[in-house]
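Chemist: One structure, pasted below without further comment.
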Amino acid sequence: MSDHPNFPKADHPLQVLRQARLSRNETAAIMVGDLVYEMASTGLRTPEIEEAREAAWVAISVLASALKEEAFAAPALWKAALIATESWIELLI
């Protein structure tokens with residue numbers, strides 16, 4: 001675990017994504033949709049960290065849209081959201 005002050009803000013979405021992936025699609029849609037709002041930018045991060053956070057937010061937003069509109073998300077969308085979020089965390093460790 002990192003002492004970086006933004007680590008919990010990056011780790012939380014990763015934990016929610018992992019849990020949502022194991023949940024029913026309807027439940028996952030709510031969980032992932034909530035992340036989109038929780039991850040709103042404060043603009044108080046370094047440009048590199050903010051860029052990684054933005055990439056994670058975009059991937060999670062695409063996943064949330066698919067879950068909401070189609071009640072299903074392809075494995076590639078889950079993978080993209082997880083990888084983008086993990087990349088954000090890597091900058092904080």
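The way I read the labels, and the way they are meant: chains A, B, ... in the order of the structure tokens, residue 1 as the first residue of every chain, and ligand 1 as the first ligand shown, with later ones counted on from there.
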Can you list every residue of stretch 34-80 of chain A that has an atom at most 8 Å from stretch 2-16 of chain A, with its nearest atom pair and the distance in Å to one decimal, using only C-alpha atoms, ordered by chain then number, as a tab-separated table?

Modeler:
residue	atom	partner	partner_atom	distance
A:Leu35	CA	A:Pro13	CA	6.5
A:Met39	CA	A:Lys9	CA	7.8
A:Arg53	CA	A:Ala10	CA	7.7

Chemist: Could you please take those selected residues and save all heavy atoms as a PDB file, in the first residue's frame?

Modeler:
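Result file is again03.pdb:
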ATOM      1  N   LEU A  35     -19.379   4.916  -9.808  1.00  0.00           N
ATOM      2  CA  LEU A  35     -17.961   5.279  -9.889  1.00  0.00           C
ATOM      3  C   LEU A  35     -17.731   6.493 -10.782  1.00  0.00           C
ATOM      4  O   LEU A  35     -16.850   7.312 -10.512  1.00  0.00           O
ATOM      5  CB  LEU A  35     -17.132   4.111 -10.430  1.00  0.00           C
ATOM      6  CG  LEU A  35     -16.773   3.007  -9.466  1.00  0.00           C
ATOM      7  CD1 LEU A  35     -15.965   1.936 -10.185  1.00  0.00           C
ATOM      8  CD2 LEU A  35     -15.995   3.535  -8.277  1.00  0.00           C
ATOM      9  N   MET A  39     -15.592   9.636  -9.245  1.00  0.00           N
ATOM     10  CA  MET A  39     -14.256   9.920  -9.759  1.00  0.00           C
ATOM     11  C   MET A  39     -14.136  11.310 -10.375  1.00  0.00           C
ATOM     12  O   MET A  39     -13.180  11.590 -11.096  1.00  0.00           O
ATOM     13  CB  MET A  39     -13.855   8.864 -10.785  1.00  0.00           C
ATOM     14  CG  MET A  39     -13.649   7.495 -10.190  1.00  0.00           C
ATOM     15  SD  MET A  39     -13.253   6.265 -11.445  1.00  0.00           S
ATOM     16  CE  MET A  39     -11.700   6.897 -12.074  1.00  0.00           C
ATOM     17  N   ARG A  53      -5.797   9.187 -14.207  1.00  0.00           N
ATOM     18  CA  ARG A  53      -7.129   9.180 -13.597  1.00  0.00           C
ATOM     19  C   ARG A  53      -8.191   9.378 -14.665  1.00  0.00           C
ATOM     20  O   ARG A  53      -9.213   8.701 -14.686  1.00  0.00           O
ATOM     21  CB  ARG A  53      -7.250  10.272 -12.525  1.00  0.00           C
ATOM     22  CG  ARG A  53      -8.579  10.186 -11.751  1.00  0.00           C
ATOM     23  CD  ARG A  53      -9.108  11.548 -11.346  1.00  0.00           C
ATOM     24  NE  ARG A  53      -9.344  12.436 -12.452  1.00  0.00           N
ATOM     25  CZ  ARG A  53     -10.461  12.435 -13.211  1.00  0.00           C
ATOM     26  NH1 ARG A  53     -11.422  11.581 -12.990  1.00  0.00           N
ATOM     27  NH2 ARG A  53     -10.593  13.297 -14.196  1.00  0.00           N
TER      28      ARG A  53
END

Chemist: Using DSSP assignments from the backbone, pull out every residue in stretch 15-56 of chain A that falls under helix (DSSP H, G or I) and give it to me as a PyMOL selection string.

Modeler: chain A and resi 15-21+25-38+47-56

Chemist: Write the residues of the selection above to a file with C-alpha atoms, as a PDB file, in the first residue's frame.

Modeler:
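Dumped everything to out_33.pdb:
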ATOM      1  CA  GLN A  15     -11.962  -2.696  -5.641  1.00  0.00           C
ATOM      2  CA  VAL A  16     -15.447  -1.725  -6.831  1.00  0.00           C
ATOM      3  CA  LEU A  17     -14.658  -2.888 -10.384  1.00  0.00           C
ATOM      4  CA  ARG A  18     -13.434  -6.236  -9.114  1.00  0.00           C
ATOM      5  CA  GLN A  19     -16.557  -6.701  -7.013  1.00  0.00           C
ATOM      6  CA  ALA A  20     -18.883  -5.472  -9.767  1.00  0.00           C
ATOM      7  CA  ARG A  21     -17.374  -7.905 -12.255  1.00  0.00           C
ATOM      8  CA  ASN A  25     -25.229  -7.209 -14.525  1.00  0.00           C
ATOM      9  CA  GLU A  26     -27.979  -5.046 -13.007  1.00  0.00           C
ATOM     10  CA  THR A  27     -26.015  -4.644  -9.777  1.00  0.00           C
ATOM     11  CA  ALA A  28     -22.764  -4.080 -11.655  1.00  0.00           C
ATOM     12  CA  ALA A  29     -24.411  -1.327 -13.699  1.00  0.00           C
ATOM     13  CA  ILE A  30     -25.300   0.563 -10.534  1.00  0.00           C
ATOM     14  CA  MET A  31     -21.891   0.030  -8.932  1.00  0.00           C
ATOM     15  CA  VAL A  32     -19.931   1.091 -12.013  1.00  0.00           C
ATOM     16  CA  GLY A  33     -22.300   3.967 -12.754  1.00  0.00           C
ATOM     17  CA  ASP A  34     -21.708   5.339  -9.280  1.00  0.00           C
ATOM     18  CA  LEU A  35     -17.961   5.279  -9.889  1.00  0.00           C
ATOM     19  CA  VAL A  36     -18.354   7.722 -12.767  1.00  0.00           C
ATOM     20  CA  TYR A  37     -19.671  10.321 -10.328  1.00  0.00           C
ATOM     21  CA  GLU A  38     -17.277   9.431  -7.520  1.00  0.00           C
ATOM     22  CA  PRO A  47      -0.550  16.201 -14.915  1.00  0.00           C
ATOM     23  CA  GLU A  48       0.698  12.600 -15.179  1.00  0.00           C
ATOM     24  CA  ILE A  49      -1.573  11.382 -12.372  1.00  0.00           C
ATOM     25  CA  GLU A  50      -4.508  13.400 -13.680  1.00  0.00           C
ATOM     26  CA  GLU A  51      -4.042  11.905 -17.153  1.00  0.00           C
ATOM     27  CA  ALA A  52      -4.052   8.374 -15.715  1.00  0.00           C
ATOM     28  CA  ARG A  53      -7.129   9.180 -13.597  1.00  0.00           C
ATOM     29  CA  GLU A  54      -8.870  10.558 -16.674  1.00  0.00           C
ATOM     30  CA  ALA A  55      -8.044   7.410 -18.682  1.00  0.00           C
ATOM     31  CA  ALA A  56      -9.512   5.273 -15.895  1.00  0.00           C
TER      32      ALA A  56
END

Chemist: Please, what distance in Å, to one decimal, runs between atom CA of A:Leu63 and atom CA of A:Ser23?

Modeler: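 These atoms are spaced 14.1 Å apart.
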
Chemist: I'd like the interatomic distance between atom CA of A:Glu70 and atom CA of A:Thr85, to a tenth of an Å.

Modeler: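 Value for the atom CA of A:Glu70-atom CA of A:Thr85 distance: 22.7 Å.
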